[in-house]
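This report refers to the structure that appears directly beneath it.
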Amino acid sequence: MEYRRLGKTNFNISAISLGTWQVGGKWGSSFDSENAEKIINSAIDNGINFIDTADVYSSGLSEKAVGKVVKLRKEKVYVATKCGRKLEPHINSSYQTEVLKKFVEDSLKNMDIEVIDLIQLHCPPTEVYYRPEIFELFDRLKTEGKILNLGVSVEKIEEGIKAIEYPNVTTVQIIFNIFRQRPSELFFKEAAKKDIGIIVRVPLASGLLTGKYTESTKFDPKDHRNYNRDGAYFDKGETFAGVDYETGIDAVKKLLEVFPENDMIKVALKWILMFKEVSCVIPGASKPSQVLSNIEAVDYPLLNDLQMHIIQKIYDKYIKPHVHQRW
């Protein structure tokens, strides 16, 4: 495993870490605690020491599984969770400091841990980033010994740039992959100036970049890749990285002319790791074997200039006109 510094948290974390949105079950299926614990244990067994979860993942069951496993392990494992998405409606005015404080305290109880290594605001509305009192809350929570660090999970570049104006923000979690390249243009540079850790989510564009899907692939009705393609339930960018499914399939076909299908996951993850500003990538897993597959990207050869150029040309032709300026 390769380890990188997570910005000014000073945590030394695994370059390939674990995201737990679908841990314990595929999107659309019920949560399986036993399977979730196997996945998390497999991750730790293979050098992963940073796990990202959220209070809304499987209605708190993901947090509970993470807390249970981490408590039983002797290795140091950094736990990151998120708060805010429980708010209903999920709008600016719903963000109140006492409510957010209660969410943090609930996560501590749910995971049965004493302190959260990294708490992240969970993709709040853009207006929230302009409210200093929300960010000041987390200084108080740090003083109270409930958290060690504050981060934000963002949808848009502008939100990330605004968030890092606050001195107590240590990390930004953002969508970045072969189909979502804009963060590398400006945001990475600004984050580096302020020693911000960058956590990359949706690295495989909801599975599109695995190379395993076709025009005829069917998704479970309860899978967001079925019901959220147009952003009906949450930001469209979270589903297939905001790429129209058929357009994405066409672009993947071009990638498969250059890279073997069996290598696509490793190529997609390695492409992200080629950017030195990235602290870690957090692909998900619905079974232990997927954890092992993701980790293989660490030892995959660096992409050469020609390969990077071809990827860029495919992005410019098929993807950039549709997504580049939207987020």
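In the structure tokens, chains take letters A, B, ... by order of appearance, with residues numbered from 1 within each chain and ligands from 1 in the order shown.
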Report as a CSV table (one decimal) with C-alpha atoms, in the first residue's frame all protein, DNA and RNA residues lying within 10 Å of Ile157 of chain A, evaluated on only C-alpha atoms, omitting residues in the same chain fewer than 5 positions from it.
chain,number,residue,atom,x,y,z
A,162,LYS,CA,-15.2,28.9,-0.6
A,163,ALA,CA,-14.9,26.2,2.0
A,174,ILE,CA,-14.8,15.9,-4.3
A,175,ILE,CA,-15.8,14.0,-7.4
A,182,ARG,CA,-12.3,20.0,-13.9
A,183,PRO,CA,-11.0,19.9,-10.3
A,186,LEU,CA,-7.8,25.3,-10.5
A,187,PHE,CA,-9.1,23.7,-7.3
A,188,PHE,CA,-6.2,21.4,-6.8
A,325,GLN,CA,-18.7,23.6,-16.6
A,326,ARG,CA,-21.7,22.1,-14.6
A,327,TRP,CA,-19.8,21.3,-11.4
If you run DSSP on the backbone, which residues of segment 54-218 of chain A are alpha helix (DSSP H), as an MDAnalysis selection string?
chainID A and resid 61:72 97:111 132:143 157:163 187:193
Once DSSP has gone over the backbone, tell me which residues of segment 6-145 of chain A are in strand (DSSP E), as a PyMOL selection string.
chain A and resi 12-14+18-19+50-52+78-83+118-122
So which residues touch Lys76 of chain A within 10 Å, counting only C-alpha atoms, skipping near sequence neighbours fewer than 6 positions away, as a list in words?
Ile44, Ile48, Asn49, Phe50 and Val70 of chain A
Same residues, N, CA and C atoms, output as a PDB file, in the first residue's frame:
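Output below, filename part-v8.pdb:
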ATOM      1  N   ILE A  44      -8.773  -3.406   6.013  1.00  0.00           N
ATOM      2  CA  ILE A  44      -7.730  -3.176   7.014  1.00  0.00           C
ATOM      3  C   ILE A  44      -6.629  -4.220   6.892  1.00  0.00           C
ATOM      4  N   ILE A  48      -5.439  -0.719   4.221  1.00  0.00           N
ATOM      5  CA  ILE A  48      -6.283   0.474   4.233  1.00  0.00           C
ATOM      6  C   ILE A  48      -6.458   0.952   5.670  1.00  0.00           C
ATOM      7  N   ASN A  49      -6.200   2.231   5.894  1.00  0.00           N
ATOM      8  CA  ASN A  49      -6.305   2.768   7.256  1.00  0.00           C
ATOM      9  C   ASN A  49      -7.168   4.020   7.339  1.00  0.00           C
ATOM     10  N   PHE A  50      -7.982   4.249   6.296  1.00  0.00           N
ATOM     11  CA  PHE A  50      -8.888   5.397   6.282  1.00  0.00           C
ATOM     12  C   PHE A  50     -10.219   4.922   5.722  1.00  0.00           C
ATOM     13  N   VAL A  70     -13.611  -1.253  13.671  1.00  0.00           N
ATOM     14  CA  VAL A  70     -12.441  -0.453  14.055  1.00  0.00           C
ATOM     15  C   VAL A  70     -12.100  -0.652  15.528  1.00  0.00           C
TER      16      VAL A  70
END
Which polymer residues have any atom within 7 Å of an atom of Val152 of chain A, counting only C-alpha atoms, with same-chain residues fewer than 2 positions away left out, as a list in words?
Gln120, Leu121, His122, Val154, Thr171, Val172 and Gln173 of chain A
Residue subset to file, keeping N, CA and C atoms, as a PDB file, in the first residue's frame:
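Contents of the output file out.pdb:
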ATOM      1  N   GLN A 120     -17.321  15.603   8.314  1.00  0.00           N
ATOM      2  CA  GLN A 120     -17.464  16.368   7.080  1.00  0.00           C
ATOM      3  C   GLN A 120     -18.903  16.833   6.905  1.00  0.00           C
ATOM      4  N   LEU A 121     -19.073  18.088   6.549  1.00  0.00           N
ATOM      5  CA  LEU A 121     -20.384  18.544   6.120  1.00  0.00           C
ATOM      6  C   LEU A 121     -20.714  17.809   4.822  1.00  0.00           C
ATOM      7  N   HIS A 122     -21.924  17.267   4.751  1.00  0.00           N
ATOM      8  CA  HIS A 122     -22.266  16.323   3.696  1.00  0.00           C
ATOM      9  C   HIS A 122     -22.995  17.006   2.543  1.00  0.00           C
ATOM     10  N   VAL A 154     -18.184  18.240  -1.173  1.00  0.00           N
ATOM     11  CA  VAL A 154     -18.783  19.259  -2.034  1.00  0.00           C
ATOM     12  C   VAL A 154     -19.278  18.658  -3.350  1.00  0.00           C
ATOM     13  N   THR A 171      -9.960  19.291   4.981  1.00  0.00           N
ATOM     14  CA  THR A 171     -10.084  18.393   3.828  1.00  0.00           C
ATOM     15  C   THR A 171     -11.281  18.776   2.984  1.00  0.00           C
ATOM     16  N   VAL A 172     -11.206  18.422   1.715  1.00  0.00           N
ATOM     17  CA  VAL A 172     -12.348  18.541   0.808  1.00  0.00           C
ATOM     18  C   VAL A 172     -12.511  17.214   0.085  1.00  0.00           C
ATOM     19  N   GLN A 173     -13.721  16.700   0.150  1.00  0.00           N
ATOM     20  CA  GLN A 173     -14.062  15.485  -0.598  1.00  0.00           C
ATOM     21  C   GLN A 173     -14.800  15.918  -1.856  1.00  0.00           C
TER      22      GLN A 173
END
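Between atom CA of Arg131 of chain A and atom CA of Pro89 of chain A the separation is 18.1 Å.
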